[in-house]
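Here is the file structure_1.cif (mmCIF, N, CA and C atoms and all ligand atoms).
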data_target
loop_
_atom_site.label_atom_id
_atom_site.label_comp_id
_atom_site.auth_asym_id
_atom_site.auth_seq_id
_atom_site.Cartn_x
_atom_site.Cartn_y
_atom_site.Cartn_z
N MET A 194 122.87 102.92 136.95
CA MET A 194 123.87 103.10 135.88
C MET A 194 124.93 102.00 135.98
N THR A 195 125.25 101.40 134.84
CA THR A 195 126.27 100.35 134.83
C THR A 195 127.45 100.79 133.95
N HIS A 196 128.61 100.29 134.29
CA HIS A 196 129.82 100.57 133.52
C HIS A 196 130.56 99.25 133.32
N ILE A 197 131.12 99.11 132.11
CA ILE A 197 131.85 97.90 131.77
C ILE A 197 133.35 98.17 131.85
N GLY A 198 134.07 97.21 132.39
CA GLY A 198 135.53 97.30 132.43
C GLY A 198 136.12 96.04 131.85
N LYS A 199 137.41 96.10 131.50
CA LYS A 199 138.08 94.96 130.91
C LYS A 199 139.49 94.84 131.46
N CYS A 200 140.04 93.62 131.39
CA CYS A 200 141.46 93.45 131.69
C CYS A 200 142.28 93.99 130.53
N PHE A 201 143.59 93.89 130.62
CA PHE A 201 144.51 94.43 129.62
C PHE A 201 144.28 93.82 128.24
N CYS A 202 144.03 92.49 128.17
CA CYS A 202 143.86 91.84 126.87
C CYS A 202 142.39 91.78 126.44
N GLY A 203 141.48 92.00 127.34
CA GLY A 203 140.06 92.00 126.99
C GLY A 203 139.36 90.67 127.21
N ALA A 204 140.09 89.62 127.61
CA ALA A 204 139.47 88.31 127.81
C ALA A 204 138.47 88.33 128.97
N VAL A 205 138.78 89.15 129.97
CA VAL A 205 137.89 89.26 131.12
C VAL A 205 137.18 90.61 131.07
N SER A 206 135.87 90.59 131.15
CA SER A 206 135.16 91.85 131.28
C SER A 206 134.27 91.79 132.51
N LEU A 207 134.06 92.94 133.08
CA LEU A 207 133.25 93.01 134.30
C LEU A 207 132.36 94.24 134.23
N GLU A 208 131.37 94.21 135.12
CA GLU A 208 130.40 95.30 135.17
C GLU A 208 130.30 95.79 136.61
N VAL A 209 130.25 97.11 136.77
CA VAL A 209 129.93 97.67 138.08
C VAL A 209 128.62 98.43 137.91
N LYS A 210 127.80 98.42 138.96
CA LYS A 210 126.55 99.16 138.84
C LYS A 210 126.28 100.00 140.09
N GLY A 211 125.51 101.05 139.89
CA GLY A 211 125.20 101.95 140.99
C GLY A 211 126.34 102.92 141.24
N GLU A 212 126.47 103.29 142.51
CA GLU A 212 127.49 104.27 142.87
C GLU A 212 128.59 103.59 143.67
N ALA A 213 129.82 104.08 143.49
CA ALA A 213 130.92 103.58 144.30
C ALA A 213 130.73 104.03 145.75
N GLU A 214 131.24 103.22 146.67
CA GLU A 214 131.15 103.55 148.10
C GLU A 214 132.22 104.57 148.49
N GLY A 215 133.25 104.65 147.69
CA GLY A 215 134.33 105.59 147.98
C GLY A 215 135.40 105.48 146.91
N MET A 216 136.17 106.56 146.75
CA MET A 216 137.26 106.55 145.78
C MET A 216 138.45 107.30 146.38
N GLY A 217 139.63 106.92 145.96
CA GLY A 217 140.81 107.62 146.46
C GLY A 217 142.08 106.93 146.01
N TYR A 218 143.14 107.23 146.74
CA TYR A 218 144.46 106.69 146.41
C TYR A 218 145.01 105.95 147.61
N CYS A 219 145.57 104.76 147.37
CA CYS A 219 146.27 104.04 148.42
C CYS A 219 147.77 104.08 148.14
N HIS A 220 148.51 104.47 149.16
CA HIS A 220 149.96 104.63 149.03
C HIS A 220 150.74 103.49 149.67
N CYS A 221 150.06 102.40 150.05
CA CYS A 221 150.77 101.36 150.81
C CYS A 221 151.76 100.60 149.94
N ARG A 222 152.72 100.00 150.63
CA ARG A 222 153.79 99.26 149.95
C ARG A 222 153.22 98.08 149.15
N SER A 223 152.21 97.41 149.71
CA SER A 223 151.63 96.26 149.00
C SER A 223 151.01 96.68 147.68
N CYS A 224 150.26 97.76 147.68
CA CYS A 224 149.65 98.24 146.43
C CYS A 224 150.72 98.60 145.42
N ARG A 225 151.78 99.24 145.90
CA ARG A 225 152.87 99.61 144.98
C ARG A 225 153.50 98.38 144.37
N SER A 226 153.82 97.41 145.24
CA SER A 226 154.53 96.22 144.79
C SER A 226 153.68 95.44 143.79
N TRP A 227 152.38 95.32 144.08
CA TRP A 227 151.54 94.49 143.21
C TRP A 227 151.18 95.22 141.93
N SER A 228 150.93 96.53 142.03
CA SER A 228 150.47 97.27 140.84
C SER A 228 151.64 97.69 139.95
N GLY A 229 152.82 97.82 140.53
CA GLY A 229 153.94 98.33 139.75
C GLY A 229 153.91 99.84 139.60
N GLY A 230 153.02 100.51 140.31
CA GLY A 230 152.93 101.97 140.24
C GLY A 230 153.15 102.59 141.61
N PRO A 231 153.33 103.91 141.65
CA PRO A 231 153.62 104.57 142.93
C PRO A 231 152.40 104.70 143.86
N VAL A 232 151.19 104.65 143.30
CA VAL A 232 149.97 104.67 144.10
C VAL A 232 148.95 103.76 143.40
N ASN A 233 147.93 103.34 144.15
CA ASN A 233 146.81 102.62 143.55
C ASN A 233 145.58 103.52 143.63
N ALA A 234 145.01 103.83 142.47
CA ALA A 234 143.77 104.59 142.43
C ALA A 234 142.62 103.60 142.58
N PHE A 235 141.91 103.69 143.72
CA PHE A 235 140.89 102.68 144.02
C PHE A 235 139.47 103.25 143.90
N THR A 236 138.55 102.38 143.56
CA THR A 236 137.12 102.68 143.66
C THR A 236 136.49 101.50 144.38
N LEU A 237 135.78 101.76 145.45
CA LEU A 237 135.24 100.70 146.30
C LEU A 237 133.76 100.48 146.01
N TRP A 238 133.39 99.21 145.89
CA TRP A 238 132.01 98.84 145.54
C TRP A 238 131.53 97.75 146.48
N LYS A 239 130.22 97.70 146.69
CA LYS A 239 129.64 96.56 147.38
C LYS A 239 129.76 95.35 146.44
N PRO A 240 130.08 94.18 147.01
CA PRO A 240 130.31 92.99 146.16
C PRO A 240 129.14 92.69 145.22
N GLU A 241 127.91 92.94 145.67
CA GLU A 241 126.75 92.62 144.81
C GLU A 241 126.65 93.57 143.61
N ASN A 242 127.42 94.64 143.60
CA ASN A 242 127.39 95.58 142.48
C ASN A 242 128.54 95.36 141.49
N VAL A 243 129.29 94.29 141.68
CA VAL A 243 130.39 93.95 140.78
C VAL A 243 130.14 92.55 140.23
N ARG A 244 130.19 92.42 138.90
CA ARG A 244 129.89 91.13 138.30
C ARG A 244 130.84 90.87 137.13
N ILE A 245 131.41 89.66 137.10
CA ILE A 245 132.22 89.26 135.94
C ILE A 245 131.26 88.92 134.81
N MET A 246 131.43 89.58 133.66
CA MET A 246 130.52 89.37 132.53
C MET A 246 131.03 88.26 131.61
N ALA A 247 132.33 88.23 131.40
CA ALA A 247 132.91 87.23 130.48
C ALA A 247 134.32 86.92 130.93
N GLY A 248 134.74 85.70 130.63
CA GLY A 248 136.12 85.30 130.91
C GLY A 248 136.38 84.91 132.35
N ALA A 249 135.32 84.51 133.08
CA ALA A 249 135.49 84.14 134.50
C ALA A 249 136.54 83.05 134.66
N GLU A 250 136.66 82.18 133.63
CA GLU A 250 137.64 81.08 133.72
C GLU A 250 139.09 81.60 133.67
N HIS A 251 139.26 82.86 133.28
CA HIS A 251 140.61 83.43 133.23
C HIS A 251 140.93 84.30 134.45
N VAL A 252 140.04 84.32 135.43
CA VAL A 252 140.30 85.16 136.60
C VAL A 252 141.11 84.36 137.63
N GLY A 253 142.31 84.84 137.87
CA GLY A 253 143.17 84.24 138.88
C GLY A 253 143.13 85.07 140.15
N MET A 254 143.60 84.48 141.25
CA MET A 254 143.54 85.18 142.52
C MET A 254 144.79 84.89 143.33
N PHE A 255 145.34 85.91 143.93
CA PHE A 255 146.46 85.72 144.85
C PHE A 255 146.13 86.38 146.17
N GLN A 256 146.26 85.60 147.24
CA GLN A 256 145.93 86.12 148.56
C GLN A 256 147.12 85.99 149.49
N LYS A 257 147.69 87.13 149.88
CA LYS A 257 148.85 87.12 150.79
C LYS A 257 148.39 87.30 152.23
N THR A 258 147.36 88.13 152.43
CA THR A 258 146.82 88.37 153.77
C THR A 258 145.30 88.19 153.72
N PRO A 259 144.68 87.97 154.89
CA PRO A 259 143.22 87.77 154.90
C PRO A 259 142.44 88.98 154.38
N LEU A 260 143.08 90.14 154.36
CA LEU A 260 142.39 91.38 153.98
C LEU A 260 142.14 91.49 152.48
N SER A 261 143.00 90.89 151.66
CA SER A 261 142.99 91.19 150.23
C SER A 261 143.09 89.96 149.35
N GLN A 262 142.09 89.77 148.49
CA GLN A 262 142.14 88.74 147.46
C GLN A 262 142.34 89.47 146.12
N ARG A 263 143.56 89.43 145.63
CA ARG A 263 143.92 90.21 144.43
C ARG A 263 143.61 89.40 143.18
N GLN A 264 142.80 89.98 142.31
CA GLN A 264 142.34 89.24 141.14
C GLN A 264 142.91 89.83 139.87
N TYR A 265 143.28 88.92 138.96
CA TYR A 265 143.96 89.32 137.74
C TYR A 265 143.57 88.36 136.62
N CYS A 266 143.89 88.75 135.40
CA CYS A 266 143.62 87.89 134.24
C CYS A 266 144.80 86.95 134.04
N THR A 267 144.51 85.63 133.98
CA THR A 267 145.60 84.66 133.83
C THR A 267 146.16 84.64 132.41
N LYS A 268 145.46 85.23 131.44
CA LYS A 268 145.98 85.29 130.07
C LYS A 268 147.00 86.40 129.91
N CYS A 269 146.67 87.59 130.40
CA CYS A 269 147.54 88.76 130.16
C CYS A 269 148.23 89.26 131.42
N GLY A 270 147.81 88.76 132.58
CA GLY A 270 148.41 89.25 133.83
C GLY A 270 147.87 90.60 134.26
N GLY A 271 146.93 91.13 133.48
CA GLY A 271 146.37 92.45 133.82
C GLY A 271 145.54 92.39 135.10
N HIS A 272 145.68 93.41 135.91
CA HIS A 272 145.00 93.44 137.20
C HIS A 272 143.56 93.91 137.05
N LEU A 273 142.68 93.32 137.83
CA LEU A 273 141.25 93.63 137.75
C LEU A 273 140.74 94.34 139.00
N MET A 274 140.90 93.69 140.12
CA MET A 274 140.31 94.22 141.36
C MET A 274 140.89 93.48 142.55
N THR A 275 140.66 94.05 143.72
CA THR A 275 141.00 93.38 144.97
C THR A 275 139.74 93.27 145.81
N VAL A 276 139.40 92.02 146.16
CA VAL A 276 138.25 91.80 147.04
C VAL A 276 138.75 91.88 148.49
N HIS A 277 138.04 92.69 149.29
CA HIS A 277 138.36 92.81 150.72
C HIS A 277 137.25 92.14 151.51
N PRO A 278 137.37 90.80 151.72
CA PRO A 278 136.25 90.07 152.31
C PRO A 278 135.87 90.57 153.71
N THR A 279 136.86 90.93 154.51
CA THR A 279 136.55 91.33 155.88
C THR A 279 135.91 92.72 155.94
N LEU A 280 136.08 93.51 154.88
CA LEU A 280 135.47 94.85 154.84
C LEU A 280 134.14 94.83 154.10
N GLY A 281 133.86 93.74 153.37
CA GLY A 281 132.65 93.70 152.57
C GLY A 281 132.69 94.69 151.41
N LEU A 282 133.89 94.91 150.86
CA LEU A 282 134.06 95.85 149.75
C LEU A 282 134.98 95.25 148.70
N VAL A 283 134.79 95.70 147.46
CA VAL A 283 135.65 95.30 146.36
C VAL A 283 136.28 96.55 145.77
N ASP A 284 137.59 96.56 145.67
CA ASP A 284 138.30 97.66 145.02
C ASP A 284 138.49 97.30 143.55
N VAL A 285 137.67 97.90 142.69
CA VAL A 285 137.87 97.75 141.25
C VAL A 285 138.79 98.90 140.86
N PHE A 286 139.99 98.57 140.42
CA PHE A 286 140.98 99.61 140.16
C PHE A 286 140.43 100.62 139.16
N ALA A 287 140.66 101.90 139.44
CA ALA A 287 140.12 102.95 138.58
C ALA A 287 140.52 102.71 137.13
N ALA A 288 141.72 102.19 136.90
CA ALA A 288 142.19 101.97 135.54
C ALA A 288 141.43 100.84 134.84
N THR A 289 140.79 99.96 135.63
CA THR A 289 140.03 98.84 135.04
C THR A 289 138.69 99.32 134.49
N ILE A 290 138.16 100.40 135.06
CA ILE A 290 136.84 100.90 134.65
C ILE A 290 136.95 102.38 134.25
N PRO A 291 137.59 102.62 133.10
CA PRO A 291 137.88 104.01 132.71
C PRO A 291 136.64 104.87 132.47
N ASP A 292 135.48 104.25 132.23
CA ASP A 292 134.27 105.05 131.99
C ASP A 292 133.66 105.62 133.26
N VAL A 293 134.10 105.11 134.40
CA VAL A 293 133.58 105.65 135.67
C VAL A 293 134.39 106.90 136.01
N ALA A 294 133.69 108.02 136.21
CA ALA A 294 134.39 109.26 136.55
C ALA A 294 135.11 109.07 137.88
N PHE A 295 136.42 109.24 137.87
CA PHE A 295 137.20 109.05 139.08
C PHE A 295 137.19 110.33 139.90
N LYS A 296 136.55 110.25 141.08
CA LYS A 296 136.47 111.43 141.95
C LYS A 296 137.07 111.06 143.30
N PRO A 297 138.40 111.19 143.42
CA PRO A 297 139.06 110.79 144.66
C PRO A 297 138.62 111.66 145.82
N GLY A 298 138.44 111.04 146.99
CA GLY A 298 138.04 111.80 148.17
C GLY A 298 139.03 111.73 149.30
N VAL A 299 139.97 110.79 149.20
CA VAL A 299 140.85 110.57 150.35
C VAL A 299 142.13 109.84 149.89
N HIS A 300 143.19 110.05 150.63
CA HIS A 300 144.41 109.26 150.46
C HIS A 300 144.55 108.37 151.68
N VAL A 301 144.80 107.07 151.48
CA VAL A 301 145.01 106.17 152.62
C VAL A 301 146.44 105.63 152.61
N ASN A 302 146.88 105.22 153.80
CA ASN A 302 148.25 104.74 154.00
C ASN A 302 149.29 105.76 153.53
N TYR A 303 148.97 107.04 153.78
CA TYR A 303 149.85 108.12 153.28
C TYR A 303 151.19 108.13 154.02
N SER A 304 151.23 107.51 155.20
CA SER A 304 152.51 107.45 155.93
C SER A 304 153.55 106.65 155.15
N GLU A 305 153.10 105.85 154.15
CA GLU A 305 154.04 105.04 153.37
C GLU A 305 154.32 105.63 151.99
N THR A 306 153.87 106.87 151.76
CA THR A 306 153.93 107.40 150.39
C THR A 306 155.35 107.54 149.85
N VAL A 307 155.49 107.29 148.54
CA VAL A 307 156.71 107.64 147.82
C VAL A 307 156.41 108.71 146.78
N LEU A 308 155.14 109.11 146.71
CA LEU A 308 154.74 110.13 145.74
C LEU A 308 153.77 111.11 146.42
N PRO A 309 154.32 112.05 147.17
CA PRO A 309 153.44 113.02 147.84
C PRO A 309 152.58 113.75 146.80
N MET A 310 151.28 113.87 147.09
CA MET A 310 150.35 114.49 146.15
C MET A 310 149.64 115.62 146.87
N ARG A 311 150.03 116.83 146.60
CA ARG A 311 149.50 117.98 147.33
C ARG A 311 148.26 118.52 146.63
N ASP A 312 147.16 117.79 146.84
CA ASP A 312 145.92 118.13 146.14
C ASP A 312 144.83 118.63 147.08
N GLY A 313 145.18 118.83 148.37
CA GLY A 313 144.21 119.36 149.31
C GLY A 313 143.24 118.33 149.88
N LEU A 314 143.29 117.09 149.40
CA LEU A 314 142.40 116.05 149.93
C LEU A 314 142.95 115.54 151.27
N PRO A 315 142.07 114.98 152.12
CA PRO A 315 142.53 114.43 153.39
C PRO A 315 143.55 113.31 153.19
N LYS A 316 144.58 113.31 154.04
CA LYS A 316 145.64 112.29 153.97
C LYS A 316 145.59 111.49 155.26
N LEU A 317 145.22 110.21 155.16
CA LEU A 317 145.16 109.38 156.35
C LEU A 317 146.44 108.58 156.51
N LYS A 318 146.87 108.50 157.77
CA LYS A 318 148.09 107.74 158.10
C LYS A 318 147.94 106.29 157.65
N ASP A 319 146.77 105.68 157.96
CA ASP A 319 146.49 104.32 157.50
C ASP A 319 145.08 104.28 156.90
N PHE A 320 144.15 103.62 157.59
CA PHE A 320 142.78 103.53 157.05
C PHE A 320 141.80 104.37 157.87
N PRO A 321 140.64 104.69 157.30
CA PRO A 321 139.61 105.37 158.09
C PRO A 321 139.18 104.49 159.27
N ALA A 322 138.75 105.12 160.35
CA ALA A 322 138.34 104.39 161.55
C ALA A 322 137.24 103.38 161.24
N GLU A 323 136.30 103.76 160.36
CA GLU A 323 135.18 102.85 160.06
C GLU A 323 135.63 101.60 159.30
N LEU A 324 136.84 101.62 158.77
CA LEU A 324 137.38 100.42 158.12
C LEU A 324 138.46 99.77 158.98
N GLY A 325 138.48 100.10 160.26
CA GLY A 325 139.40 99.44 161.17
C GLY A 325 140.76 100.10 161.33
N GLY A 326 140.93 101.29 160.74
CA GLY A 326 142.21 102.00 160.88
C GLY A 326 142.19 102.98 162.04
N SER A 327 143.24 103.80 162.11
CA SER A 327 143.32 104.79 163.18
C SER A 327 142.50 106.04 162.86
N GLY A 328 142.25 106.26 161.57
CA GLY A 328 141.53 107.46 161.16
C GLY A 328 142.34 108.74 161.30
N GLU A 329 143.60 108.57 161.71
CA GLU A 329 144.46 109.73 161.96
C GLU A 329 144.90 110.38 160.64
N ALA A 330 144.83 111.71 160.62
CA ALA A 330 145.29 112.44 159.43
C ALA A 330 146.76 112.82 159.58
N VAL A 331 147.46 112.85 158.47
CA VAL A 331 148.85 113.33 158.49
C VAL A 331 148.94 114.53 157.56
N PRO A 332 149.94 115.39 157.80
CA PRO A 332 150.07 116.58 156.93
C PRO A 332 150.45 116.19 155.50
N GLU A 333 150.09 117.05 154.54
CA GLU A 333 150.50 116.84 153.14
C GLU A 333 152.02 116.96 153.08
ZN ZN A 401 143.52 89.68 130.08
ZN ZN A 402 147.28 99.78 149.42
#

Please, can you express the file's structure as C-alpha cells?
Amino acid sequence: MTHIGKCFCGAVSLEVKGEAEGMGYCHCRSCRSWSGGPVNAFTLWKPENVRIMAGAEHVGMFQKTPLSQRQYCTKCGGHLMTVHPTLGLVDVFAATIPDVAFKPGVHVNYSETVLPMRDGLPKLKDFPAELGGSGEAVPE
C-alpha cells in the first residue's frame, strides 16, 4: 500500500509504501522549536520506503546534529520529514501524510514535555533502548 504526501504549497510530493516501523509523539525541545508545535507526531519508515515523487529540487535540508537531517520545502517552508541516518529511519511527519492512519504507540522524550498527554500510552524519558536511549519509562 502506498500513500502520497505533500508539502504545504504542494510543490514537493512524496510517497511512503508498506507499513510504518513505528508511530508516536516526540516531546523534545528540538522538535518543538523546529515544528512550532508543542509535540511532533512522527511516523518512522525505512528509507527505501520513502520516495520524493515531485519537486526534489525544492527540498532543502538543515542539519544541526548528526542524528537529524530536517527536510523542508524551499518554496513554502513547509516541513516534510527528518532523516535519521544513524538510526536508518525516516520520520515523515504525520501531518505530511494525512492519508496514513496515525496510530501512536509511544511518547518519546517525555521528560521534556510541555503538553502532558494522559492517553495511557507508554511515556519514555528519552528514546527506546533499541534506538540508543535509556528505555526508561516516566509516569504520565
Ligand atoms: Zn512547498
Ligand atoms: Zn523530538

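Every residue having at least one atom no farther than 6.5 Å from ligand ZN 401 (chain A) is included below, with only N, CA and C atoms and all ligand atoms taken into account: A:Cys200, A:Phe201, A:Cys202, A:Gly203, A:Ala204, A:Val205, A:Cys266, A:Thr267, A:Lys268, A:Cys269, A:Gly270, A:Gly271.
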
Where does chain A meet ligand ZN 402 (chain A) within 6 Å, residue by residue, with the nearest atom pair and distance in Å to one decimal for each, counting only N, CA and C atoms and all ligand atoms, listed by chain and rising number, as a Markdown table?
| residue | atom | partner | partner_atom | distance |
| --- | --- | --- | --- | --- |
| A:Cys219 | CA | A:ZN402 | ZN | 4.5 |
| A:His220 | N | A:ZN402 | ZN | 4.9 |
| A:Cys221 | N | A:ZN402 | ZN | 3.9 |
| A:Arg222 | N | A:ZN402 | ZN | 5.6 |
| A:Ser223 | C | A:ZN402 | ZN | 5.2 |
| A:Cys224 | N | A:ZN402 | ZN | 4.0 |
| A:Arg225 | N | A:ZN402 | ZN | 5.7 |

Keeping only N, CA and C atoms, write those residues as a PDB file, keeping the file's coordinate frame.
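Wrote it out as again_15.pdb, contents follow:
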ATOM      1  N   CYS A 219     145.570 104.760 147.370  1.00  0.00           N
ATOM      2  CA  CYS A 219     146.270 104.040 148.420  1.00  0.00           C
ATOM      3  C   CYS A 219     147.770 104.080 148.140  1.00  0.00           C
ATOM      4  N   HIS A 220     148.510 104.470 149.160  1.00  0.00           N
ATOM      5  CA  HIS A 220     149.960 104.630 149.030  1.00  0.00           C
ATOM      6  C   HIS A 220     150.740 103.490 149.670  1.00  0.00           C
ATOM      7  N   CYS A 221     150.060 102.400 150.050  1.00  0.00           N
ATOM      8  CA  CYS A 221     150.770 101.360 150.810  1.00  0.00           C
ATOM      9  C   CYS A 221     151.760 100.600 149.940  1.00  0.00           C
ATOM     10  N   ARG A 222     152.720 100.000 150.630  1.00  0.00           N
ATOM     11  CA  ARG A 222     153.790  99.260 149.950  1.00  0.00           C
ATOM     12  C   ARG A 222     153.220  98.080 149.150  1.00  0.00           C
ATOM     13  N   SER A 223     152.210  97.410 149.710  1.00  0.00           N
ATOM     14  CA  SER A 223     151.630  96.260 149.000  1.00  0.00           C
ATOM     15  C   SER A 223     151.010  96.680 147.680  1.00  0.00           C
ATOM     16  N   CYS A 224     150.260  97.760 147.680  1.00  0.00           N
ATOM     17  CA  CYS A 224     149.650  98.240 146.430  1.00  0.00           C
ATOM     18  C   CYS A 224     150.720  98.600 145.420  1.00  0.00           C
ATOM     19  N   ARG A 225     151.780  99.240 145.900  1.00  0.00           N
ATOM     20  CA  ARG A 225     152.870  99.610 144.980  1.00  0.00           C
ATOM     21  C   ARG A 225     153.500  98.380 144.370  1.00  0.00           C
TER      22      ARG A 225
END

- Message: Could you pull out the helix (DSSP H, G or I) residues of segment 245-319 of chain A, going by DSSP on the backbone, and write them as a ChimeraX atom specification?
- Response: /A:249-251,287-289,303-305

- Query: Counting all atoms listed in the file, what is within 6 Å of Val209 of chain A, bar same-chain residues fewer than 5 positions away, as number ranges by chain?
  - Reply: A: 194-198, 242-244

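Going from atom C of Gln264 of chain A over to atom N of Gly248 of chain A, you cover 13.0 Å.
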
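Atom N of Gly325 of chain A is positioned 17.5 Å from atom CA of Gln262 of chain A.
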
- Within 8 Å of Phe235 of chain A, counting only N, CA and C atoms, which residues show up once you throw out same-chain ones fewer than 2 positions away? Write them as a ChimeraX atom specification, please. /A:215-219,232-233,237-238,283-288,295,297

- Shortest interatomic distance to Leu317 of chain A - which of A:Pro291, A:Pro231, A:Gly298, A:Gly211, counting only C-alpha atoms: A:Gly298

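Nearest-residue note for Ser206 of chain A: choosing from A:Met246, A:Ser228, A:His277, A:Ile290, the minimum distance belongs to A:Met246, counting all atoms listed in the file.
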
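Between atom CA of Val299 of chain A and atom CA of Ser226 of chain A the interatomic distance comes to 20.6 Å.
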
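If only N, CA and C atoms are the atoms counted, then among A:Val252, A:Val293, A:Lys318, A:Ser327 the closest residue to Glu305 of chain A is A:Lys318.
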
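Each of A:Leu207, A:Ala294, A:Pro332, A:Phe255 was compared to Thr236 of chain A using only C-alpha atoms, and A:Ala294 turns out to be the nearest.
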
- Using the chain letters and numbers from this document, which residues of chain A does DSSP assign to strand (DSSP E), as a PyMOL selection string? chain A and resi 195-199+206-210+215-219+233-238+243-247+252-258+261-266+272-277+282-285+299-301

Quick one: what's the axis-aligned box for segment 236-239 of chain A, all listed atoms, 5 Å on every side, centre and edges in Å to one decimal, as AutoDock Vina command-line options?
--center_x 134.1 --center_y 99.0 --center_z 145.5 --size_x 18.9 --size_y 17.3 --size_z 13.8

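Closest approach to Leu282 of chain A from the set A:Ala234, A:Ser304, A:His251, A:Lys239 is made by A:Lys239, with distances taken over all atoms listed in the file.
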
- Message: I'd like the neighbourhood of Gly326 of chain A as an MDAnalysis selection string, where a residue qualifies if any of its atoms comes within 12 Å (using only C-alpha atoms), though same-chain residues fewer than 3 positions away should be ignored.
- Response: chainID A and resid 280 301:302 317:323 329:330
